Each structure stands twice: as structure tokens, then as C-alpha cells.
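Listing of final_23.txt; format and content: compact mmCIF, C-alpha atoms.
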# COMPACT_ATOMS: atom_id res chain seq x y z
CA MET E 1 9.18 14.73 -40.69
CA LEU E 2 8.82 15.97 -44.28
CA LEU E 3 6.61 18.91 -43.30
CA HIS E 4 9.03 19.83 -40.53
CA ALA E 5 11.96 19.75 -42.98
CA LEU E 6 10.11 21.86 -45.55
CA ALA E 7 9.13 24.39 -42.88
CA ARG E 8 12.73 24.69 -41.69
CA ILE E 9 13.99 25.09 -45.27
CA GLY E 10 11.44 27.85 -45.84
CA GLN E 11 12.56 29.62 -42.66
CA THR E 12 16.19 29.31 -43.78
CA LEU E 13 15.46 30.91 -47.15
CA ALA E 14 13.58 33.72 -45.42
CA VAL E 15 16.52 34.38 -43.09
CA LEU E 16 18.93 34.42 -46.04
CA PHE E 17 16.71 36.94 -47.79
CA VAL E 18 16.71 39.24 -44.74
CA VAL E 19 20.49 38.89 -44.40
CA SER E 20 21.02 39.73 -48.05
CA VAL E 21 18.85 42.85 -47.88
CA ALA E 22 20.43 44.02 -44.62
CA SER E 23 24.01 43.47 -45.77
CA PHE E 24 23.34 45.07 -49.16
CA GLY E 25 21.82 48.12 -47.48
CA LEU E 26 24.56 48.46 -44.85
CA LEU E 27 27.28 48.31 -47.49
CA LYS E 28 25.56 51.14 -49.34
CA LEU E 29 25.86 53.23 -46.17
CA ALA E 30 29.53 52.37 -45.66
CA PRO E 31 32.07 55.20 -46.14
CA GLY E 32 33.98 55.44 -49.39
CA ASP E 33 32.94 55.72 -53.03
CA PRO E 34 33.73 52.63 -55.15
CA VAL E 35 33.35 54.65 -58.35
CA GLN E 36 35.93 57.17 -57.18
CA ILE E 37 38.28 54.36 -56.18
CA MET E 38 37.93 52.77 -59.61
CA LEU E 39 38.60 56.04 -61.45
CA GLY E 40 41.56 57.08 -59.31
CA SER E 41 42.53 60.57 -58.25
CA GLU E 42 42.00 62.30 -61.61
CA TYR E 43 38.77 62.01 -63.56
CA SER E 44 36.20 64.17 -65.26
CA PRO E 45 32.61 64.62 -64.04
CA GLU E 46 31.43 63.04 -67.28
CA ALA E 47 33.51 59.92 -66.66
CA TYR E 48 32.19 59.71 -63.11
CA GLU E 49 28.54 59.99 -64.17
CA SER E 50 29.09 57.49 -66.99
CA LEU E 51 30.55 54.87 -64.64
CA VAL E 52 27.79 55.46 -62.08
CA ALA E 53 25.19 54.79 -64.77
CA GLU E 54 27.13 51.77 -66.05
CA MET E 55 27.21 50.23 -62.56
CA GLY E 56 23.53 51.03 -61.98
CA LEU E 57 24.25 53.13 -58.89
CA ASP E 58 21.85 55.84 -60.08
CA GLN E 59 18.90 53.41 -59.78
CA PRO E 60 16.59 53.17 -56.71
CA PHE E 61 17.72 50.88 -53.90
CA LEU E 62 15.17 48.13 -54.62
CA VAL E 63 16.11 48.09 -58.30
CA GLN E 64 19.80 47.82 -57.42
CA TYR E 65 19.09 45.01 -54.96
CA ALA E 66 16.90 43.08 -57.39
CA HIS E 67 19.55 43.38 -60.10
CA TRP E 68 22.29 42.24 -57.73
CA ALA E 69 20.25 39.34 -56.28
CA LEU E 70 19.28 38.04 -59.73
CA ASN E 71 22.89 38.09 -60.88
CA PHE E 72 24.11 36.59 -57.60
CA VAL E 73 21.91 33.48 -57.76
CA GLN E 74 23.07 32.98 -61.37
CA GLY E 75 26.72 33.03 -60.35
CA ASP E 76 27.47 36.52 -61.70
CA TRP E 77 29.06 38.16 -58.65
CA GLY E 78 30.83 40.92 -60.53
CA THR E 79 34.52 41.70 -61.04
CA SER E 80 37.12 42.85 -58.54
CA PHE E 81 38.30 46.28 -59.67
CA VAL E 82 41.55 45.88 -57.73
CA ALA E 83 42.60 42.36 -58.72
CA HIS E 84 40.63 42.44 -62.02
CA THR E 85 39.40 38.90 -61.41
CA ASP E 86 35.96 37.32 -61.46
CA ILE E 87 34.61 37.40 -57.88
CA PHE E 88 32.74 34.10 -58.17
CA THR E 89 35.84 32.26 -59.39
CA HIS E 90 38.05 33.77 -56.70
CA ALA E 91 35.59 33.45 -53.82
CA PHE E 92 33.80 30.18 -54.54
CA LYS E 93 36.49 28.17 -56.30
CA GLU E 94 39.67 29.52 -54.65
CA ALA E 95 38.98 31.12 -51.24
CA LEU E 96 36.07 28.96 -50.02
CA PRO E 97 37.91 25.59 -50.27
CA VAL E 98 40.74 27.01 -48.14
CA THR E 99 38.35 28.18 -45.42
CA LEU E 100 36.35 24.94 -45.49
CA THR E 101 39.56 22.89 -45.23
CA LEU E 102 40.77 24.96 -42.27
CA ALA E 103 37.37 24.81 -40.55
CA SER E 104 36.99 21.04 -41.16
CA PHE E 105 40.41 20.15 -39.77
CA SER E 106 39.89 22.48 -36.80
CA LEU E 107 36.53 20.91 -36.03
CA ALA E 108 37.99 17.41 -36.38
CA PHE E 109 40.81 18.28 -33.96
CA ALA E 110 38.30 19.76 -31.54
CA ILE E 111 36.11 16.64 -31.50
CA LEU E 112 38.94 14.07 -31.50
CA ILE E 113 40.72 15.83 -28.62
CA GLY E 114 37.89 17.52 -26.72
CA VAL E 115 35.48 14.58 -26.39
CA PRO E 116 38.02 12.06 -24.97
CA LEU E 117 39.45 14.74 -22.70
CA GLY E 118 35.99 15.58 -21.39
CA VAL E 119 35.11 11.91 -20.92
CA LEU E 120 38.29 11.24 -18.95
CA SER E 121 37.69 14.37 -16.90
CA ALA E 122 34.17 13.18 -16.04
CA VAL E 123 35.30 9.66 -15.20
CA LYS E 124 38.18 10.99 -13.07
CA LYS E 125 36.03 13.63 -11.40
CA ASP E 126 37.65 15.60 -8.57
CA THR E 127 41.12 14.23 -9.32
CA ALA E 128 44.32 16.04 -10.35
CA PHE E 129 43.58 15.15 -13.99
CA ASP E 130 40.13 16.72 -13.71
CA ALA E 131 41.63 19.89 -12.20
CA GLY E 132 44.23 20.10 -14.96
CA ALA E 133 41.57 19.65 -17.65
CA ALA E 134 39.50 22.41 -16.02
CA VAL E 135 42.48 24.78 -16.05
CA PHE E 136 43.10 23.97 -19.73
CA ALA E 137 39.44 24.51 -20.59
CA LEU E 138 39.30 27.90 -18.89
CA THR E 139 42.58 29.01 -20.45
CA GLY E 140 41.64 27.75 -23.90
CA THR E 141 38.35 29.63 -24.01
CA ALA E 142 39.95 32.88 -22.81
CA PHE E 143 43.21 32.86 -24.80
CA PRO E 144 43.09 35.03 -27.98
CA SER E 145 43.49 32.90 -31.11
CA PHE E 146 45.68 35.39 -32.96
CA LEU E 147 48.14 35.48 -30.03
CA LEU E 148 48.15 31.70 -29.83
CA GLY E 149 48.87 31.54 -33.56
CA ILE E 150 51.84 33.88 -33.21
CA LEU E 151 53.20 31.80 -30.29
CA LEU E 152 52.81 28.55 -32.26
CA ILE E 153 54.59 30.10 -35.26
CA TRP E 154 57.45 31.29 -33.05
CA PHE E 155 57.89 28.02 -31.15
CA PHE E 156 57.12 25.27 -33.67
CA GLY E 157 57.97 27.16 -36.85
CA VAL E 158 60.85 29.51 -36.01
CA LYS E 159 62.40 27.98 -32.87
CA LEU E 160 62.06 24.28 -33.65
CA GLY E 161 61.54 24.48 -37.42
CA LEU E 162 59.02 21.64 -37.36
CA PHE E 163 56.21 23.27 -39.36
CA PRO E 164 55.90 25.95 -42.07
CA VAL E 165 54.87 29.34 -40.70
CA MET E 166 52.72 30.44 -43.64
CA GLY E 167 51.36 29.39 -47.00
CA TYR E 168 48.77 26.85 -48.10
CA VAL E 169 48.82 23.62 -50.10
CA SER E 170 45.52 21.92 -50.88
CA PRO E 171 45.26 18.43 -49.32
CA TRP E 172 43.28 17.41 -52.41
CA GLN E 173 46.33 18.05 -54.60
CA ASP E 174 49.09 16.85 -52.25
CA PHE E 175 47.59 15.23 -49.16
CA TRP E 176 50.60 14.97 -46.84
CA THR E 177 52.05 18.34 -47.78
CA GLY E 178 48.62 19.89 -47.30
CA ILE E 179 48.27 18.29 -43.86
CA TYR E 180 51.76 19.50 -42.97
CA HIS E 181 50.80 23.11 -43.80
CA ILE E 182 47.38 23.05 -42.13
CA ILE E 183 48.34 21.59 -38.72
CA LEU E 184 49.41 24.82 -36.99
CA PRO E 185 46.48 26.93 -38.30
CA SER E 186 44.04 24.17 -37.34
CA LEU E 187 45.47 23.86 -33.82
CA THR E 188 45.26 27.64 -33.45
CA LEU E 189 41.62 27.76 -34.49
CA SER E 190 40.55 24.59 -32.68
CA THR E 191 41.98 25.38 -29.23
CA TYR E 192 38.89 27.36 -28.20
CA PHE E 193 36.59 24.58 -29.38
CA ILE E 194 38.67 21.84 -27.74
CA ALA E 195 38.30 23.67 -24.43
CA MET E 196 34.58 24.28 -24.97
CA ILE E 197 33.87 20.66 -25.95
CA THR E 198 35.89 19.41 -22.98
CA ARG E 199 33.80 21.45 -20.54
CA LEU E 200 30.50 20.53 -22.22
CA THR E 201 31.35 16.81 -22.43
CA ARG E 202 32.45 16.67 -18.79
CA ALA E 203 29.37 18.47 -17.43
CA THR E 204 26.90 16.52 -19.58
CA LEU E 205 28.49 13.13 -19.02
CA ILE E 206 28.58 13.57 -15.24
CA GLU E 207 24.83 14.18 -15.33
CA VAL E 208 24.23 11.25 -17.69
CA LEU E 209 26.22 8.82 -15.55
CA GLU E 210 23.85 9.53 -12.65
CA GLN E 211 20.77 8.40 -14.62
CA PRO E 212 18.92 5.18 -13.69
CA TYR E 213 19.62 3.42 -17.01
CA ILE E 214 23.37 3.75 -16.33
CA ALA E 215 22.90 2.07 -12.96
CA ALA E 216 20.84 -0.63 -14.71
CA ALA E 217 23.63 -1.21 -17.23
CA ARG E 218 26.16 -1.57 -14.46
CA ALA E 219 23.82 -3.98 -12.62
CA ARG E 220 23.66 -6.17 -15.73
CA GLY E 221 27.43 -6.55 -15.45
CA GLU E 222 28.33 -4.63 -18.59
CA PRO E 223 32.00 -3.56 -18.81
CA ASN E 224 32.77 -0.06 -17.58
CA TRP E 225 34.09 1.06 -20.98
CA ARG E 226 30.79 0.03 -22.61
CA VAL E 227 28.73 1.81 -19.97
CA ILE E 228 30.68 5.03 -20.52
CA TRP E 229 31.24 5.04 -24.30
CA VAL E 230 28.07 3.30 -25.51
CA HIS E 231 25.39 4.26 -22.99
CA GLY E 232 26.94 7.49 -21.71
CA VAL E 233 28.71 9.23 -24.59
CA ARG E 234 25.92 8.40 -27.03
CA ASN E 235 23.54 10.53 -24.98
CA ILE E 236 25.72 13.65 -25.12
CA ALA E 237 25.55 13.76 -28.94
CA MET E 238 22.56 16.10 -29.09
CA PRO E 239 23.88 18.90 -26.83
CA LEU E 240 27.28 18.57 -28.49
CA VAL E 241 25.84 18.93 -32.00
CA THR E 242 23.69 21.85 -30.84
CA ILE E 243 26.62 23.77 -29.37
CA LEU E 244 28.82 23.13 -32.40
CA GLY E 245 26.09 24.41 -34.71
CA LEU E 246 25.57 27.55 -32.64
CA GLN E 247 29.33 28.14 -32.37
CA LEU E 248 29.90 27.93 -36.13
CA GLY E 249 29.77 31.73 -36.28
CA VAL E 250 32.67 31.89 -33.83
CA LEU E 251 34.54 29.36 -35.97
CA LEU E 252 34.05 31.42 -39.13
CA GLN E 253 35.02 34.58 -37.26
CA GLY E 254 38.18 32.85 -36.07
CA THR E 255 39.16 31.91 -39.63
CA VAL E 256 39.53 35.62 -40.45
CA LEU E 257 42.26 36.10 -37.82
CA THR E 258 43.85 32.70 -38.38
CA GLU E 259 44.06 33.12 -42.15
CA THR E 260 45.58 36.57 -41.68
CA VAL E 261 48.19 35.32 -39.19
CA PHE E 262 49.20 32.32 -41.33
CA ASN E 263 48.70 34.08 -44.69
CA LEU E 264 46.11 31.59 -45.93
CA PRO E 265 44.19 32.65 -49.08
CA GLY E 266 40.72 31.95 -47.68
CA ILE E 267 37.50 33.90 -47.23
CA GLY E 268 38.85 35.68 -44.14
CA GLN E 269 41.84 37.14 -45.94
CA MET E 270 39.65 37.92 -48.96
CA LEU E 271 37.22 39.88 -46.77
CA THR E 272 40.02 41.74 -44.99
CA SER E 273 41.57 42.86 -48.29
CA ALA E 274 38.16 43.79 -49.70
CA VAL E 275 37.22 45.94 -46.70
CA LEU E 276 40.54 47.79 -46.83
CA GLY E 277 40.18 48.29 -50.59
CA ARG E 278 36.49 49.34 -50.39
CA GLU E 279 35.52 46.50 -52.74
CA TYR E 280 31.91 46.27 -51.68
CA ALA E 281 30.98 43.60 -54.23
CA VAL E 282 33.65 41.28 -52.82
CA VAL E 283 32.55 42.04 -49.25
CA GLN E 284 28.94 41.29 -50.19
CA ALA E 285 29.94 37.95 -51.72
CA GLY E 286 31.96 37.02 -48.62
CA VAL E 287 29.15 38.00 -46.25
CA MET E 288 26.60 35.95 -48.18
CA MET E 289 28.89 32.92 -48.34
CA THR E 290 29.59 32.94 -44.60
CA ALA E 291 25.92 33.60 -43.78
CA THR E 292 24.84 30.73 -46.02
CA LEU E 293 27.35 28.40 -44.35
CA PHE E 294 26.22 29.38 -40.87
CA ILE E 295 22.49 29.16 -41.59
CA GLY E 296 22.88 25.98 -43.66
CA VAL E 297 24.79 24.17 -40.91
CA ASN E 298 22.20 25.19 -38.32
CA LEU E 299 19.51 23.83 -40.64
CA LEU E 300 21.36 20.50 -40.84
CA VAL E 301 21.73 20.48 -37.03
CA ASP E 302 18.01 21.01 -36.58
CA LEU E 303 17.15 18.30 -39.11
CA SER E 304 19.56 15.88 -37.41
CA TYR E 305 17.76 15.97 -34.05
CA PRO E 306 15.20 13.26 -34.96
CA LEU E 307 18.07 11.03 -36.11
CA LEU E 308 19.94 11.51 -32.83
CA ASP E 309 16.89 11.06 -30.59
CA PRO E 310 14.17 8.57 -31.70
CA ARG E 311 11.71 10.17 -29.25
CA LEU E 312 11.72 13.36 -31.32
CA ARG E 313 11.23 11.34 -34.50
CA ASP E 314 8.16 9.66 -33.05
CA ARG E 315 6.83 13.00 -31.79
CA LYS E 316 7.18 14.61 -35.23

The structure in this file should be written as C-alpha cells.
Amino acid sequence: MLLHALARIGQTLAVLFVVSVASFGLLKLAPGDPVQIMLGSEYSPEAYESLVAEMGLDQPFLVQYAHWALNFVQGDWGTSFVAHTDIFTHAFKEALPVTLTLASFSLAFAILIGVPLGVLSAVKKDTAFDAGAAVFALTGTAFPSFLLGILLIWFFGVKLGLFPVMGYVSPWQDFWTGIYHIILPSLTLSTYFIAMITRLTRATLIEVLEQPYIAAARARGEPNWRVIWVHGVRNIAMPLVTILGLQLGVLLQGTVLTETVFNLPGIGQMLTSAVLGREYAVVQAGVMMTATLFIGVNLLVDLSYPLLDPRLRDRK
């Protein structure tokens, strides 16, 4: 178990290294000159060369990368030349909590709604309820999140006036106000995952309920709810955790659109503004944060397998 965990951690660090090199190199090839943007439309050649030397852009690529990587791991992510703020403070302490809150609530909605819906669909197989759940699942996975967000804003925010249409309040500062502001964005982002979890839960549970140990549980006279929720649902945990880990990239991608639609000051909106403003240092910080989240969650998913299935623990 320990050797397996250490091996996976080593692989994760190697992947993060490759991602950092690739993203750093691709941003160097991106159009636009950050030095020119910082100096404005009027500047002298001497001022340009001086700023290039000050930023270390005249150094070889490997030297620039080593300098950036050393500063990055120490928390020195540079300064935004548009907002004139420290990138680490803005990204890690201000934008990241917003994105994590949105992603956490969206994932919670997806599990709390998708799993029961999938279970009921499997239990009521080939009924009208099952057909309706199938239609919802297909529609939810195909419907664009940004369009859904606009429709939710129009109906629940503008038409009915039930929820705020934009803005963010941290649940850690004011819990109920924060929940009130995060409901519509979370529903927008979670709809795709509710539909996906519903389909996965239904398909997996139908297969599980046909296994011999389910028939044995029924023969022992155990209640139907216990057969389904204890013996059945427990055995869909591993495929569910696997899919959620693999789909984290889609979740983080969805936060970009959702934060833009609802004007949430998270990583998505930070990256959008940075790309438009050619702030490559901010983009690099955002890319590394999202990559670390994605790879870190997949590491936790892989390490959780022996806990979910004792057979894997014994094998390792």
C-alpha cells in the first residue's frame, strides 16, 4: 500500500513537471508582447530593452523556466501589470476559494440528486419514470451550460425574482447569504453531472442487482430497501468515484463559463481577463492551479480504490 502510494505520488509530480514545462513554453509562443503592453503605445528602445532585462526575458528558455519554477514553489507568482496586485494573493487567496466553493456545491448537488434519481430509475426499470429520467439525462448532458445559466437567470432571477443574478458572498463569512448566491451557479454547473451520474448509477445498479449475492440477500428475507441501498448502491461507489475523478476537468472547464455568466470572481473569470489582457504570468498561475487540482484529485481517487474495495487492498 505504502509503495503504491509513493509510486503514484512520484508519477503525479512528474506529470505536474511536464505540464509546467509545456504550459510555460506554449505561453512563450502565444501572440502579443507583455513588455510592450506594460510600456504602452509610446516608449523608447532603451526603456524596452531595460524592461526585457529586468523581467529576464533575454535569458535562455531553460534559465527563464528554472527562475519561474523556483519562485512559483516559494509563492512568488509575480505581479499583475494590469491590476497591480500580487498574483499569489489574488489567485490563491481570492479566486481559488470562489471556484472551489462553486465546484463543491455543484458536485454535492450532482451526487445528492443524481444518485437517488439513478437508483429510482434502475428500480423502476422500463416504466414511465425510467423513460422520463432517460430523457432528462440525455438532455442534461447535451444542453450547453452557459445557455442554461442564462435561462435560469432570466426565469428565477429576472422573472420570479427569487435569486440574485450575479455577485458572490462567501459562505464562510455569511453562510445563508452565500448559499443564496451560489444556488443558481451551482445548479447551472451541476446539471451535466446530475445527468451523467443518473445514467451511470442506473446502468451500474441494474447490473449489480442481477448478481448472485443480491439474490442471496433477498432469499435471506432482507428488506428491499436494504438490498438496494446497502448491498446494491455500495457496489457502485468505485465506478462513480472513477467517473467523477475523470470528469473533474470538465467541471473546471465549466466553472470558466459559469463564473463569466454569473460574474463570480473565481479562477475562470481570472483566466478570461488574463488571456484578454495578455497577462501571461496570471495565465500560467491559473493553468498550474487547475492542473494541480485535476491531477491531485485523480491521485486521491486512485489511492481511494483499496478503501472502496477490500479485494484490491489485499492484492496490493

Which polymer residues, whether protein, DNA or RNA, lie within 12 Å of the coordinate (20.9, 24.1, -39.6) when you count all atoms listed in the file? List them as a ChimeraX atom specification, using the chain letters and numbers from the file. /E:5,8-13,15,241-248,291-305

Restricted to C-alpha atoms, what would the selected residues look like written as a compact mmCIF listing (two decimals), in the coordinates of the input?
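What ended up in selection_10.txt:
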# COMPACT_ATOMS: atom_id res chain seq x y z
CA ALA E 5 11.96 19.75 -42.98
CA ARG E 8 12.73 24.69 -41.69
CA ILE E 9 13.99 25.09 -45.27
CA GLY E 10 11.44 27.85 -45.84
CA GLN E 11 12.56 29.62 -42.66
CA THR E 12 16.19 29.31 -43.78
CA LEU E 13 15.46 30.91 -47.15
CA VAL E 15 16.52 34.38 -43.09
CA VAL E 241 25.84 18.93 -32.00
CA THR E 242 23.69 21.85 -30.84
CA ILE E 243 26.62 23.77 -29.37
CA LEU E 244 28.82 23.13 -32.40
CA GLY E 245 26.09 24.41 -34.71
CA LEU E 246 25.57 27.55 -32.64
CA GLN E 247 29.33 28.14 -32.37
CA LEU E 248 29.90 27.93 -36.13
CA ALA E 291 25.92 33.60 -43.78
CA THR E 292 24.84 30.73 -46.02
CA LEU E 293 27.35 28.40 -44.35
CA PHE E 294 26.22 29.38 -40.87
CA ILE E 295 22.49 29.16 -41.59
CA GLY E 296 22.88 25.98 -43.66
CA VAL E 297 24.79 24.17 -40.91
CA ASN E 298 22.20 25.19 -38.32
CA LEU E 299 19.51 23.83 -40.64
CA LEU E 300 21.36 20.50 -40.84
CA VAL E 301 21.73 20.48 -37.03
CA ASP E 302 18.01 21.01 -36.58
CA LEU E 303 17.15 18.30 -39.11
CA SER E 304 19.56 15.88 -37.41
CA TYR E 305 17.76 15.97 -34.05

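The residue that comes closest to Tyr65 (chain E), out of E:Ala131, E:Ala22, E:Leu6, E:Leu184 and on the basis of only C-alpha atoms, is E:Ala22.
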
Can you work out the spacing between CA of Ser186 (chain E) and CA of Phe136 (chain E) in Å, to one decimal? 17.6 Å

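CA of Phe17 (chain E) lies 24.5 Å from CA of Gly266 (chain E).
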
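The space separating CA of Ile153 (chain E) from CA of Leu112 (chain E) comes to 22.7 Å.
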
Do a neighbour search on Val165 (chain E) at 10 Å with only C-alpha atoms, toss out local chain neighbours closer than 2 positions, and write the hits as number ranges by chain. E: 149-150, 152-154, 156-158, 161-163, 167-168, 181-182, 184-185, 261-263

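Between Ala285 (chain E) and the residues E:Ala95, E:Ala66, E:Met166, E:Leu107, the shortest atom-to-atom distance, using all atoms listed in the file, involves E:Ala95.
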
Residues within 7 Å of region 108-111 of chain E, all atoms listed in the file, excluding chain neighbours under 3 positions, as an MDAnalysis selection string: chainID E and resid 104:105 114:115 190 193:194

List the neighbours of Thr89 (chain E) out to 10 Å using only C-alpha atoms; skip same-chain residues closer than 3 positions along the sequence, and give me the result as an MDAnalysis selection string. chainID E and resid 75:77 79 85:86 92:96

Anything within 12 Å of (40.1, 17.2, -22.8): list those residues as number ranges by chain, counting only C-alpha atoms and sticking to the file's coordinates. E: 109-124, 129-138, 140, 191-202

Have region 198-213 of chain E completed to N, CA, C and O atoms, please, and pass it along as a PDB file, keeping the file's coordinate frame.
ATOM      1  N   THR E 198      35.464  20.093 -24.201  1.00  0.00           N
ATOM      2  CA  THR E 198      35.890  19.410 -22.980  1.00  0.00           C
ATOM      3  C   THR E 198      34.968  19.747 -21.815  1.00  0.00           C
ATOM      4  O   THR E 198      34.512  18.859 -21.085  1.00  0.00           O
ATOM      5  N   ARG E 199      34.672  21.034 -21.638  1.00  0.00           N
ATOM      6  CA  ARG E 199      33.800  21.450 -20.540  1.00  0.00           C
ATOM      7  C   ARG E 199      32.385  20.913 -20.719  1.00  0.00           C
ATOM      8  O   ARG E 199      31.765  20.421 -19.762  1.00  0.00           O
ATOM      9  N   LEU E 200      31.864  20.997 -21.959  1.00  0.00           N
ATOM     10  CA  LEU E 200      30.500  20.530 -22.220  1.00  0.00           C
ATOM     11  C   LEU E 200      30.400  19.017 -22.022  1.00  0.00           C
ATOM     12  O   LEU E 200      29.452  18.526 -21.397  1.00  0.00           O
ATOM     13  N   THR E 201      31.374  18.269 -22.551  1.00  0.00           N
ATOM     14  CA  THR E 201      31.350  16.810 -22.430  1.00  0.00           C
ATOM     15  C   THR E 201      31.430  16.385 -20.971  1.00  0.00           C
ATOM     16  O   THR E 201      30.698  15.489 -20.526  1.00  0.00           O
ATOM     17  N   ARG E 202      32.305  17.024 -20.204  1.00  0.00           N
ATOM     18  CA  ARG E 202      32.450  16.670 -18.790  1.00  0.00           C
ATOM     19  C   ARG E 202      31.145  16.913 -18.029  1.00  0.00           C
ATOM     20  O   ARG E 202      30.652  16.028 -17.315  1.00  0.00           O
ATOM     21  N   ALA E 203      30.572  18.126 -18.181  1.00  0.00           N
ATOM     22  CA  ALA E 203      29.370  18.470 -17.430  1.00  0.00           C
ATOM     23  C   ALA E 203      28.189  17.578 -17.815  1.00  0.00           C
ATOM     24  O   ALA E 203      27.435  17.106 -16.955  1.00  0.00           O
ATOM     25  N   THR E 204      28.032  17.321 -19.123  1.00  0.00           N
ATOM     26  CA  THR E 204      26.900  16.520 -19.580  1.00  0.00           C
ATOM     27  C   THR E 204      27.056  15.061 -19.186  1.00  0.00           C
ATOM     28  O   THR E 204      26.095  14.408 -18.758  1.00  0.00           O
ATOM     29  N   LEU E 205      28.282  14.542 -19.323  1.00  0.00           N
ATOM     30  CA  LEU E 205      28.490  13.130 -19.020  1.00  0.00           C
ATOM     31  C   LEU E 205      28.346  12.843 -17.529  1.00  0.00           C
ATOM     32  O   LEU E 205      27.827  11.785 -17.142  1.00  0.00           O
ATOM     33  N   ILE E 206      28.768  13.758 -16.683  1.00  0.00           N
ATOM     34  CA  ILE E 206      28.580  13.570 -15.240  1.00  0.00           C
ATOM     35  C   ILE E 206      27.096  13.443 -14.910  1.00  0.00           C
ATOM     36  O   ILE E 206      26.677  12.588 -14.111  1.00  0.00           O
ATOM     37  N   GLU E 207      26.275  14.263 -15.552  1.00  0.00           N
ATOM     38  CA  GLU E 207      24.830  14.180 -15.330  1.00  0.00           C
ATOM     39  C   GLU E 207      24.252  12.893 -15.890  1.00  0.00           C
ATOM     40  O   GLU E 207      23.385  12.263 -15.268  1.00  0.00           O
ATOM     41  N   VAL E 208      24.733  12.477 -17.065  1.00  0.00           N
ATOM     42  CA  VAL E 208      24.230  11.250 -17.690  1.00  0.00           C
ATOM     43  C   VAL E 208      24.575  10.024 -16.845  1.00  0.00           C
ATOM     44  O   VAL E 208      23.747   9.112 -16.678  1.00  0.00           O
ATOM     45  N   LEU E 209      25.785   9.991 -16.314  1.00  0.00           N
ATOM     46  CA  LEU E 209      26.220   8.820 -15.550  1.00  0.00           C
ATOM     47  C   LEU E 209      25.447   8.643 -14.245  1.00  0.00           C
ATOM     48  O   LEU E 209      25.547   7.593 -13.598  1.00  0.00           O
ATOM     49  N   GLU E 210      24.675   9.642 -13.857  1.00  0.00           N
ATOM     50  CA  GLU E 210      23.850   9.530 -12.650  1.00  0.00           C
ATOM     51  C   GLU E 210      22.431   9.064 -12.949  1.00  0.00           C
ATOM     52  O   GLU E 210      21.613   8.930 -12.038  1.00  0.00           O
ATOM     53  N   GLN E 211      22.118   8.803 -14.243  1.00  0.00           N
ATOM     54  CA  GLN E 211      20.770   8.400 -14.620  1.00  0.00           C
ATOM     55  C   GLN E 211      20.517   6.931 -14.275  1.00  0.00           C
ATOM     56  O   GLN E 211      21.452   6.118 -14.194  1.00  0.00           O
ATOM     57  N   PRO E 212      19.251   6.558 -14.075  1.00  0.00           N
ATOM     58  CA  PRO E 212      18.920   5.180 -13.690  1.00  0.00           C
ATOM     59  C   PRO E 212      19.343   4.131 -14.715  1.00  0.00           C
ATOM     60  O   PRO E 212      19.733   3.016 -14.336  1.00  0.00           O
ATOM     61  N   TYR E 213      19.275   4.441 -16.013  1.00  0.00           N
ATOM     62  CA  TYR E 213      19.620   3.420 -17.010  1.00  0.00           C
ATOM     63  C   TYR E 213      21.116   3.106 -16.981  1.00  0.00           C
ATOM     64  O   TYR E 213      21.530   2.013 -17.396  1.00  0.00           O
TER      65      TYR E 213
END
